[in-house]
file my_file.txt (compact mmCIF, C-alpha atoms and all ligand atoms)
# COMPACT_ATOMS: atom_id res chain seq x y z
CA MET V 16 2.23 14.93 -58.42
CA GLN V 17 5.23 16.84 -57.14
CA ASP V 18 8.52 14.95 -57.48
CA LYS V 19 10.24 14.95 -54.08
CA LEU V 20 13.80 14.56 -55.27
CA TYR V 21 15.27 14.68 -51.75
CA LEU V 22 13.85 11.18 -51.19
CA THR V 23 16.07 9.67 -53.87
CA SER V 24 18.94 12.13 -54.34
CA ASN V 25 21.51 13.98 -52.24
CA SER V 26 21.97 16.63 -54.97
CA LEU V 27 21.85 20.20 -53.75
CA THR V 28 21.06 22.02 -56.97
CA CYS V 29 18.67 21.63 -59.90
CA VAL V 30 16.27 23.55 -62.12
CA ALA V 31 12.54 23.12 -61.46
CA LYS V 32 9.35 24.88 -62.52
CA ILE V 33 7.25 27.22 -60.36
CA LEU V 34 3.63 26.10 -60.71
CA GLU V 35 2.10 28.43 -58.15
CA CYS V 36 3.19 31.42 -56.04
CA TYR V 37 0.74 33.12 -53.71
CA HIS V 38 0.66 35.47 -50.76
CA SER V 39 0.69 33.60 -47.47
CA GLU V 40 0.81 34.63 -43.79
CA ASN V 41 3.35 37.03 -42.27
CA GLU V 42 4.22 38.80 -45.52
CA ARG V 43 5.51 35.59 -47.01
CA TYR V 44 4.89 34.02 -50.39
CA ALA V 45 4.34 30.29 -50.78
CA VAL V 46 5.94 28.68 -53.82
CA ARG V 47 4.90 25.29 -55.19
CA LEU V 48 7.28 23.59 -57.62
CA ASP V 49 6.90 20.61 -59.96
CA LYS V 50 9.86 19.02 -58.12
CA THR V 51 12.06 19.90 -55.18
CA LEU V 52 15.33 19.07 -53.47
CA PHE V 53 14.25 20.87 -50.27
CA HIS V 54 13.41 18.64 -47.35
CA PRO V 55 10.39 20.07 -45.48
CA GLN V 56 10.28 20.33 -41.71
CA GLY V 57 8.96 17.09 -40.22
CA GLY V 58 9.85 13.65 -38.95
CA GLY V 59 11.85 15.19 -36.10
CA GLN V 60 14.02 17.14 -38.53
CA PRO V 61 14.16 20.88 -39.34
CA CYS V 62 13.68 21.97 -42.97
CA ASP V 63 16.48 22.66 -45.43
CA LYS V 64 17.71 26.17 -46.03
CA GLY V 65 18.80 27.58 -49.37
CA THR V 66 17.62 29.76 -52.26
CA LEU V 67 15.26 29.88 -55.23
CA ASN V 68 16.79 31.99 -57.99
CA GLY V 69 19.09 33.49 -55.33
CA HIS V 70 16.22 34.49 -52.99
CA GLU V 71 16.40 33.08 -49.49
CA VAL V 72 13.99 30.27 -48.63
CA LEU V 73 12.71 31.11 -45.13
CA HIS V 74 10.83 27.93 -44.41
CA VAL V 75 9.78 24.68 -46.12
CA ALA V 76 6.71 22.72 -45.07
CA GLN V 77 4.41 20.07 -46.45
CA ASN V 78 0.74 21.04 -46.79
CA ARG V 79 -2.32 18.85 -46.24
CA ASP V 80 -2.31 17.75 -49.86
CA GLY V 81 1.23 16.43 -49.44
CA HIS V 82 2.84 19.23 -51.49
CA VAL V 83 6.09 20.75 -50.30
CA LEU V 84 5.77 24.56 -50.13
CA HIS V 85 8.73 26.97 -50.05
CA TYR V 86 8.19 30.27 -48.21
CA LEU V 87 9.99 33.42 -49.36
CA HIS V 88 9.83 37.18 -48.74
CA VAL V 89 9.37 37.83 -52.47
CA ARG V 90 6.86 36.85 -55.12
CA LEU V 91 8.47 34.84 -57.93
CA PRO V 92 7.11 34.56 -61.50
CA LEU V 93 5.84 31.19 -62.74
CA GLY V 94 8.27 29.23 -64.89
CA PRO V 95 11.80 27.85 -64.49
CA VAL V 96 13.70 28.44 -61.26
CA GLU V 97 17.09 27.40 -59.94
CA LEU V 98 17.15 25.59 -56.60
CA GLN V 99 20.16 25.71 -54.32
CA VAL V 100 20.11 23.83 -51.01
CA ASP V 101 22.52 25.08 -48.32
CA ARG V 102 25.19 22.37 -48.02
CA VAL V 103 26.42 23.11 -44.46
CA HIS V 104 22.93 23.22 -43.02
CA ARG V 105 21.84 20.05 -44.86
CA LEU V 106 24.89 18.13 -43.67
CA GLN V 107 24.40 19.26 -40.09
CA HIS V 108 20.82 17.96 -40.07
CA ALA V 109 21.65 14.78 -41.97
CA ARG V 110 24.41 13.96 -39.46
CA LEU V 111 22.21 14.51 -36.40
CA HIS V 112 19.36 12.60 -38.00
CA THR V 113 21.50 9.62 -39.08
CA ALA V 114 23.13 9.50 -35.63
CA GLY V 115 19.61 9.21 -34.17
CA HIS V 116 18.99 6.12 -36.33
CA MET V 117 22.30 4.58 -35.27
CA ILE V 118 21.56 5.10 -31.57
CA GLY V 119 18.06 3.71 -32.15
CA HIS V 120 19.37 0.50 -33.73
CA LEU V 121 22.01 -0.06 -31.06
CA ILE V 122 19.64 0.36 -28.13
CA GLU V 123 16.78 -1.58 -29.73
CA ARG V 124 19.13 -4.56 -29.91
CA THR V 125 19.02 -4.70 -26.11
CA GLY V 126 15.20 -4.87 -25.99
CA TRP V 127 14.17 -1.21 -25.79
CA GLN V 128 11.79 0.16 -28.41
CA ALA V 129 12.44 3.52 -30.08
CA VAL V 130 9.23 5.56 -30.07
CA LYS V 131 10.26 9.19 -30.63
CA ALA V 132 13.16 11.11 -32.08
CA HIS V 133 14.04 14.76 -32.24
CA HIS V 134 17.09 15.69 -34.30
CA TRP V 135 17.36 19.44 -33.79
CA ARG V 136 20.73 20.93 -33.07
CA GLY V 137 21.28 21.48 -29.34
CA GLU V 138 18.34 19.27 -28.34
CA SER V 139 18.83 15.97 -30.16
CA ARG V 140 17.46 12.89 -28.47
CA VAL V 141 15.89 9.49 -29.07
CA VAL V 142 13.23 8.18 -26.68
CA PHE V 143 12.60 4.48 -25.96
CA LEU V 144 10.00 2.43 -24.11
CA ASN V 145 10.74 -0.78 -22.28
CA PRO V 146 8.27 -3.54 -23.29
CA LYS V 147 10.76 -6.35 -22.48
CA ASN V 148 12.02 -5.13 -19.14
CA ALA V 149 15.49 -4.48 -20.52
CA LEU V 150 18.32 -3.02 -18.47
CA PRO V 151 19.28 0.59 -19.26
CA PRO V 152 22.45 0.97 -21.31
CA PHE V 153 25.63 2.46 -19.87
CA LEU V 154 26.73 5.70 -21.46
CA ASP V 155 30.31 4.50 -21.97
CA ASP V 156 29.18 1.26 -23.63
CA LEU V 157 26.87 3.09 -26.02
CA SER V 158 29.61 5.61 -26.83
CA ASP V 159 32.03 2.76 -27.59
CA ARG V 160 29.52 0.97 -29.87
CA CYS V 161 28.88 4.22 -31.76
CA ALA V 162 32.61 4.86 -32.13
CA GLU V 163 33.13 1.35 -33.57
CA LEU V 164 30.41 1.90 -36.17
CA ILE V 165 31.81 5.30 -37.11
CA GLN V 166 35.23 3.69 -37.54
CA LEU V 167 33.73 0.96 -39.76
CA ALA V 168 32.19 3.53 -42.15
CA GLN V 169 28.96 1.55 -42.51
CA PRO V 170 26.97 2.58 -45.62
CA ILE V 171 23.53 4.15 -45.34
CA SER V 172 21.21 2.71 -47.99
CA ILE V 173 17.77 3.77 -49.15
CA SER V 174 15.23 1.31 -50.54
CA PHE V 175 11.53 1.31 -51.33
CA ARG V 176 9.19 -1.49 -50.33
CA ASP V 177 5.53 -1.19 -51.34
CA ASP V 178 6.20 2.52 -51.97
CA LYS V 179 7.46 2.94 -48.40
CA ARG V 180 10.94 4.39 -48.05
CA GLN V 181 13.30 2.48 -45.78
CA VAL V 182 16.66 3.64 -44.54
CA ALA V 183 19.26 1.10 -43.40
CA ILE V 184 22.64 1.47 -41.73
CA GLY V 185 24.92 -1.41 -42.81
CA THR V 186 23.37 -4.59 -41.45
CA LEU V 187 22.10 -2.94 -38.25
CA GLY V 188 18.52 -2.79 -39.51
CA HIS V 189 16.25 -0.24 -41.12
CA TYR V 190 13.63 2.35 -40.21
CA PRO V 191 10.81 3.74 -42.35
CA CYS V 192 11.94 7.33 -42.89
CA GLY V 193 11.53 10.31 -45.24
CA GLY V 194 14.47 12.33 -43.88
CA THR V 195 17.93 13.20 -45.16
CA HIS V 196 20.97 11.12 -44.23
CA VAL V 197 24.73 10.99 -44.68
CA GLU V 198 26.26 8.38 -47.00
CA ASN V 199 28.19 6.41 -44.39
CA THR V 200 28.74 6.38 -40.65
CA SER V 201 32.27 7.86 -40.85
CA GLU V 202 30.51 11.22 -41.37
CA LEU V 203 29.19 10.96 -37.81
CA ASN V 204 32.66 11.52 -36.40
CA GLY V 205 32.38 13.91 -33.44
CA LEU V 206 29.24 12.21 -32.09
CA LYS V 207 28.95 12.58 -28.35
CA ILE V 208 26.37 10.86 -26.15
CA ILE V 209 25.65 13.57 -23.58
CA ARG V 210 23.41 11.72 -21.15
CA ILE V 211 21.00 8.84 -20.76
CA LYS V 212 17.92 9.42 -18.65
CA ASN V 213 15.74 6.56 -17.42
CA LYS V 214 12.48 7.65 -15.86
CA LYS V 215 9.71 5.12 -15.24
CA ASP V 216 10.94 2.90 -18.06
CA GLU V 217 11.12 5.74 -20.56
CA LEU V 218 14.68 6.08 -21.70
CA SER V 219 15.97 9.28 -23.37
CA VAL V 220 19.36 9.33 -25.00
CA HIS V 221 20.65 12.86 -25.57
CA TYR V 222 23.46 13.49 -28.01
CA GLU V 223 25.24 16.06 -30.11
CA ILE V 224 27.78 16.14 -32.92
CA LEU V 225 30.79 18.36 -32.45
CA ASP V 226 31.84 20.10 -35.68
ZN ZN E 1 15.96 8.93 -41.24

call {"tool": "encode", "arguments": {"input": "my_file.txt", "output": "structure tokens"}}
result
Amino acid sequence: MQDKLYLTSNSLTCVAKILECYHSENERYAVRLDKTLFHPQGGGQPCDKGTLNGHEVLHVAQNRDGHVLHYLHVRLPLGPVELQVDRVHRLQHARLHTAGHMIGHLIERTGWQAVKAHHWRGESRVVFLNPKNALPPFLDDLSDRCAELIQLAQPISISFRDDKRQVAIGTLGHYPCGGTHVENTSELNGLKIIRIKNKKDELSVHYEILD
């Protein structure tokens, strides 16, 4: 079974072994490794960028068998390979993704239920349903709560229960999640709640993080 190191480690570089490399669609080659630091696209999060032996990784996706595949323009020989995950890109996604969790926890406290999240740059949002007839939050209040948590530098912790990965922010609560996250909430500095839309008891909170 492939070791998905990104679930337990924030390292950006390691040596792995290429087990398979085959021609795929669109003049791309799919590379399967014994272990990987690359987070595949999924769970509302884009994939990591980076290189294998210096060659650009164009896309990373999980196949039906649960293996993470790395797509490149070149065919690589089987055997050892050096992985390098792009730090800037990883951090950008981890910040947007972690901010989505934080917003989720804060709004769920008031009775809403988070049902969807999309953490792509320029279109980040969390969507909630309203099973308890809760009042919609005010944008300024939510912004203030987020700012307090950022100031408090609450730690993000990963744990496994019955093989399920859980991601917690301080004592706010946890979500089951396979994504990448920052280490504490101070890294979410620059978070801006752009707007809150409430349409027929479906609440969407749109946000961005200024660099
Ligand atoms: Zn997450």

call {"tool": "closest_atom_pairs", "arguments": {"input": "my_file.txt", "of": "chain V", "to": "ligand ZN 1 (chain E)", "cutoff": "9 Å", "atoms": "all atoms listed in the file", "output": "CSV"}}
result
residue,atom,partner,partner_atom,distance
V:Gly58,CA,E:ZN1,ZN,8.1
V:Gln60,CA,E:ZN1,ZN,8.9
V:Ala109,CA,E:ZN1,ZN,8.2
V:His112,CA,E:ZN1,ZN,6.0
V:Thr113,CA,E:ZN1,ZN,6.0
V:Gly115,CA,E:ZN1,ZN,8.0
V:His116,CA,E:ZN1,ZN,6.4
V:Gln181,CA,E:ZN1,ZN,8.3
V:Val182,CA,E:ZN1,ZN,6.3
V:Ala183,CA,E:ZN1,ZN,8.8
V:Tyr190,CA,E:ZN1,ZN,7.1
V:Pro191,CA,E:ZN1,ZN,7.4
V:Cys192,CA,E:ZN1,ZN,4.6
V:Gly193,CA,E:ZN1,ZN,6.1
V:Gly194,CA,E:ZN1,ZN,4.6
V:Thr195,CA,E:ZN1,ZN,6.1
V:His196,CA,E:ZN1,ZN,6.2

call {"tool": "write_last_selection", "arguments": {"input": "my_file.txt", "atoms": "C-alpha atoms", "output": "mmCIF file, keeping the file's coordinate frame"}}
result
data_model
loop_
_atom_site.group_PDB
_atom_site.id
_atom_site.type_symbol
_atom_site.label_atom_id
_atom_site.label_comp_id
_atom_site.auth_asym_id
_atom_site.auth_seq_id
_atom_site.Cartn_x
_atom_site.Cartn_y
_atom_site.Cartn_z
ATOM 1 C CA GLY V 58 9.850 13.650 -38.950
ATOM 2 C CA GLN V 60 14.020 17.140 -38.530
ATOM 3 C CA ALA V 109 21.650 14.780 -41.970
ATOM 4 C CA HIS V 112 19.360 12.600 -38.000
ATOM 5 C CA THR V 113 21.500 9.620 -39.080
ATOM 6 C CA GLY V 115 19.610 9.210 -34.170
ATOM 7 C CA HIS V 116 18.990 6.120 -36.330
ATOM 8 C CA GLN V 181 13.300 2.480 -45.780
ATOM 9 C CA VAL V 182 16.660 3.640 -44.540
ATOM 10 C CA ALA V 183 19.260 1.100 -43.400
ATOM 11 C CA TYR V 190 13.630 2.350 -40.210
ATOM 12 C CA PRO V 191 10.810 3.740 -42.350
ATOM 13 C CA CYS V 192 11.940 7.330 -42.890
ATOM 14 C CA GLY V 193 11.530 10.310 -45.240
ATOM 15 C CA GLY V 194 14.470 12.330 -43.880
ATOM 16 C CA THR V 195 17.930 13.200 -45.160
ATOM 17 C CA HIS V 196 20.970 11.120 -44.230
#

call {"tool": "residues_around", "arguments": {"input": "my_file.txt", "residues": "V:His189", "least_positions_apart": "3", "cutoff": "12 Å", "atoms": "all atoms listed in the file", "output": "JSON, numbers by chain"}}
result
{"V": [113, 116, 117, 119, 120, 121, 123, 170, 171, 172, 173, 174, 175, 176, 179, 180, 181, 182, 183, 184, 185, 186, 192]}

call {"tool": "closest_residue", "arguments": {"input": "my_file.txt", "among": "V:Ser39, V:Asn25, V:Ser219, V:Asn204", "to": "V:Val142", "atoms": "all atoms listed in the file"}}
result
V:Ser219

call {"tool": "closest_atom_pairs", "arguments": {"input": "my_file.txt", "of": "stretch 28-135 of chain V", "to": "stretch 205-210 of chain V", "cutoff": "10 Å", "atoms": "only C-alpha atoms", "output": "JSON lines"}}
result
{"residue": "V:Arg110", "atom": "CA", "partner": "V:Leu206", "partner_atom": "CA", "distance": 9.0}
{"residue": "V:Leu111", "atom": "CA", "partner": "V:Leu206", "partner_atom": "CA", "distance": 8.6}
{"residue": "V:Ala114", "atom": "CA", "partner": "V:Leu206", "partner_atom": "CA", "distance": 7.6}
{"residue": "V:Ile118", "atom": "CA", "partner": "V:Ile208", "partner_atom": "CA", "distance": 9.3}

call {"tool": "closest_residue", "arguments": {"input": "my_file.txt", "among": "V:His221, V:His82, V:Lys19, V:His88", "to": "V:Leu157", "atoms": "only C-alpha atoms"}}
result
V:His221

call {"tool": "atom_distance", "arguments": {"input": "my_file.txt", "atom1": "atom CA of V:Pro151", "atom2": "atom CA of V:Val130"}}
result
15.6 Å

call {"tool": "residues_around", "arguments": {"input": "my_file.txt", "residues": "V:Leu218", "least_positions_apart": "5", "cutoff": "7 Å", "atoms": "all atoms listed in the file", "output": "list in words"}}
result
Val142, Phe143, Leu144, Ile211, Lys212 and Asn213 of chain V

call {"tool": "closest_residue", "arguments": {"input": "my_file.txt", "among": "V:Gly126, V:Gly94, V:Gly81, V:Pro152", "to": "V:Gln17", "atoms": "all atoms listed in the file"}}
result
V:Gly81

call {"tool": "closest_residue", "arguments": {"input": "my_file.txt", "among": "V:Leu84, V:Leu98, V:Leu187, V:Val197", "to": "V:Ile122", "atoms": "all atoms listed in the file"}}
result
V:Leu187

call {"tool": "atom_distance", "arguments": {"input": "my_file.txt", "atom1": "atom CA of V:Gly137", "atom2": "atom CA of V:Leu225"}}
result
10.5 Å

call {"tool": "closest_residue", "arguments": {"input": "my_file.txt", "among": "V:Val83, V:Ile33, V:Val96, V:Leu106", "to": "V:Pro55", "atoms": "all atoms listed in the file"}}
result
V:Val83

call {"tool": "atom_distance", "arguments": {"input": "my_file.txt", "atom1": "atom CA of V:Glu97", "atom2": "atom CA of V:Gly59"}}
result
27.3 Å

call {"tool": "closest_residue", "arguments": {"input": "my_file.txt", "among": "V:Arg47, V:Pro146, V:Gln56, V:Val103", "to": "V:Lys215", "atoms": "only C-alpha atoms"}}
result
V:Pro146

call {"tool": "residues_around", "arguments": {"input": "my_file.txt", "residues": "V:Glu40", "least_positions_apart": "3", "cutoff": "12 Å", "atoms": "all atoms listed in the file", "output": "list in words"}}
result
Tyr37, Arg43, Tyr44, Ala45, Tyr86, Leu87 and His88 of chain V

call {"tool": "write_last_selection", "arguments": {"input": "my_file.txt", "atoms": "C-alpha atoms", "output": "mmCIF file, in the coordinates of the input"}}
result
data_model
loop_
_atom_site.group_PDB
_atom_site.id
_atom_site.type_symbol
_atom_site.label_atom_id
_atom_site.label_comp_id
_atom_site.auth_asym_id
_atom_site.auth_seq_id
_atom_site.Cartn_x
_atom_site.Cartn_y
_atom_site.Cartn_z
ATOM 1 C CA TYR V 37 0.740 33.120 -53.710
ATOM 2 C CA ARG V 43 5.510 35.590 -47.010
ATOM 3 C CA TYR V 44 4.890 34.020 -50.390
ATOM 4 C CA ALA V 45 4.340 30.290 -50.780
ATOM 5 C CA TYR V 86 8.190 30.270 -48.210
ATOM 6 C CA LEU V 87 9.990 33.420 -49.360
ATOM 7 C CA HIS V 88 9.830 37.180 -48.740
#

call {"tool": "decode", "arguments": {"input": "my_file.txt", "residues": "stretch 211-223 of chain V", "atoms": "all heavy atoms", "output": "short mmCIF file (atom, residue, chain, number, x, y, z; two decimals), in the first residue's frame"}}
result
data_model
loop_
_atom_site.label_atom_id
_atom_site.label_comp_id
_atom_site.auth_asym_id
_atom_site.auth_seq_id
_atom_site.Cartn_x
_atom_site.Cartn_y
_atom_site.Cartn_z
N ILE V 211 -21.25 37.27 3.15
CA ILE V 211 -22.06 36.16 3.66
C ILE V 211 -23.39 36.23 2.92
O ILE V 211 -24.05 37.26 2.92
CB ILE V 211 -22.30 36.31 5.18
CG1 ILE V 211 -20.95 36.26 5.93
CG2 ILE V 211 -23.24 35.23 5.68
CD1 ILE V 211 -21.06 36.47 7.44
N LYS V 212 -23.72 35.13 2.25
CA LYS V 212 -24.97 35.10 1.49
C LYS V 212 -25.92 34.12 2.15
O LYS V 212 -25.54 33.01 2.48
CB LYS V 212 -24.68 34.60 0.06
CG LYS V 212 -24.71 35.69 -0.96
CD LYS V 212 -24.60 35.24 -2.40
CE LYS V 212 -24.52 33.78 -2.75
NZ LYS V 212 -24.07 33.56 -4.14
N ASN V 213 -27.17 34.54 2.37
CA ASN V 213 -28.16 33.64 2.96
C ASN V 213 -29.34 33.55 2.02
O ASN V 213 -30.09 34.51 1.84
CB ASN V 213 -28.59 34.19 4.33
CG ASN V 213 -29.54 33.23 5.04
OD1 ASN V 213 -29.67 32.07 4.65
ND2 ASN V 213 -30.21 33.72 6.06
N LYS V 214 -29.46 32.37 1.37
CA LYS V 214 -30.53 32.21 0.41
C LYS V 214 -31.30 30.94 0.76
O LYS V 214 -30.73 29.84 0.74
CB LYS V 214 -29.91 32.08 -0.99
CG LYS V 214 -30.83 32.43 -2.11
CD LYS V 214 -30.03 32.41 -3.41
CE LYS V 214 -30.94 32.48 -4.60
NZ LYS V 214 -30.21 32.25 -5.84
N LYS V 215 -32.55 31.10 1.13
CA LYS V 215 -33.41 29.97 1.50
C LYS V 215 -32.73 29.04 2.50
O LYS V 215 -32.68 27.82 2.32
CB LYS V 215 -33.80 29.18 0.25
CG LYS V 215 -34.69 29.98 -0.69
CD LYS V 215 -35.12 29.13 -1.85
CE LYS V 215 -35.97 29.94 -2.82
NZ LYS V 215 -36.10 29.32 -4.11
N ASP V 216 -32.19 29.64 3.54
CA ASP V 216 -31.53 28.88 4.61
C ASP V 216 -30.31 28.08 4.16
O ASP V 216 -29.95 27.07 4.75
CB ASP V 216 -32.53 27.95 5.33
CG ASP V 216 -33.27 28.72 6.41
OD1 ASP V 216 -32.77 29.79 6.83
OD2 ASP V 216 -34.32 28.26 6.85
N GLU V 217 -29.70 28.52 3.06
CA GLU V 217 -28.37 28.01 2.71
C GLU V 217 -27.42 29.19 2.79
O GLU V 217 -27.56 30.17 2.06
CB GLU V 217 -28.37 27.40 1.31
CG GLU V 217 -27.04 26.70 1.04
CD GLU V 217 -26.95 26.11 -0.36
OE1 GLU V 217 -27.46 25.00 -0.56
OE2 GLU V 217 -26.35 26.76 -1.23
N LEU V 218 -26.50 29.07 3.70
CA LEU V 218 -25.59 30.18 3.99
C LEU V 218 -24.24 29.91 3.32
O LEU V 218 -23.67 28.83 3.49
CB LEU V 218 -25.40 30.24 5.51
CG LEU V 218 -24.71 31.46 6.09
CD1 LEU V 218 -25.70 32.61 6.18
CD2 LEU V 218 -24.18 31.15 7.48
N SER V 219 -23.73 30.88 2.56
CA SER V 219 -22.38 30.73 1.99
C SER V 219 -21.51 31.85 2.54
O SER V 219 -21.87 33.02 2.45
CB SER V 219 -22.37 30.88 0.48
OG SER V 219 -23.39 30.16 -0.08
N VAL V 220 -20.38 31.45 3.08
CA VAL V 220 -19.42 32.42 3.60
C VAL V 220 -18.22 32.44 2.65
O VAL V 220 -17.53 31.42 2.49
CB VAL V 220 -18.97 32.05 5.03
CG1 VAL V 220 -17.93 33.04 5.53
CG2 VAL V 220 -20.17 32.01 5.96
N HIS V 221 -18.00 33.56 2.01
CA HIS V 221 -16.91 33.70 1.03
C HIS V 221 -15.75 34.43 1.69
O HIS V 221 -15.95 35.42 2.40
CB HIS V 221 -17.40 34.49 -0.19
CG HIS V 221 -18.52 33.81 -0.91
ND1 HIS V 221 -18.36 33.20 -2.13
CD2 HIS V 221 -19.81 33.60 -0.54
CE1 HIS V 221 -19.51 32.66 -2.50
NE2 HIS V 221 -20.41 32.89 -1.57
N TYR V 222 -14.54 33.95 1.42
CA TYR V 222 -13.38 34.55 2.09
C TYR V 222 -12.14 34.46 1.22
O TYR V 222 -12.11 33.73 0.21
CB TYR V 222 -13.14 33.85 3.44
CG TYR V 222 -12.73 32.40 3.31
CD1 TYR V 222 -11.39 32.02 3.34
CD2 TYR V 222 -13.69 31.40 3.11
CE1 TYR V 222 -11.02 30.69 3.19
CE2 TYR V 222 -13.32 30.08 2.95
CZ TYR V 222 -12.00 29.73 3.00
OH TYR V 222 -11.63 28.42 2.85
N GLU V 223 -11.14 35.21 1.62
CA GLU V 223 -9.84 35.13 0.93
C GLU V 223 -8.75 35.39 1.97
O GLU V 223 -9.04 35.83 3.09
CB GLU V 223 -9.75 36.15 -0.21
CG GLU V 223 -9.84 37.59 0.27
CD GLU V 223 -9.84 38.60 -0.88
OE1 GLU V 223 -9.61 38.20 -2.02
OE2 GLU V 223 -10.07 39.78 -0.59
#
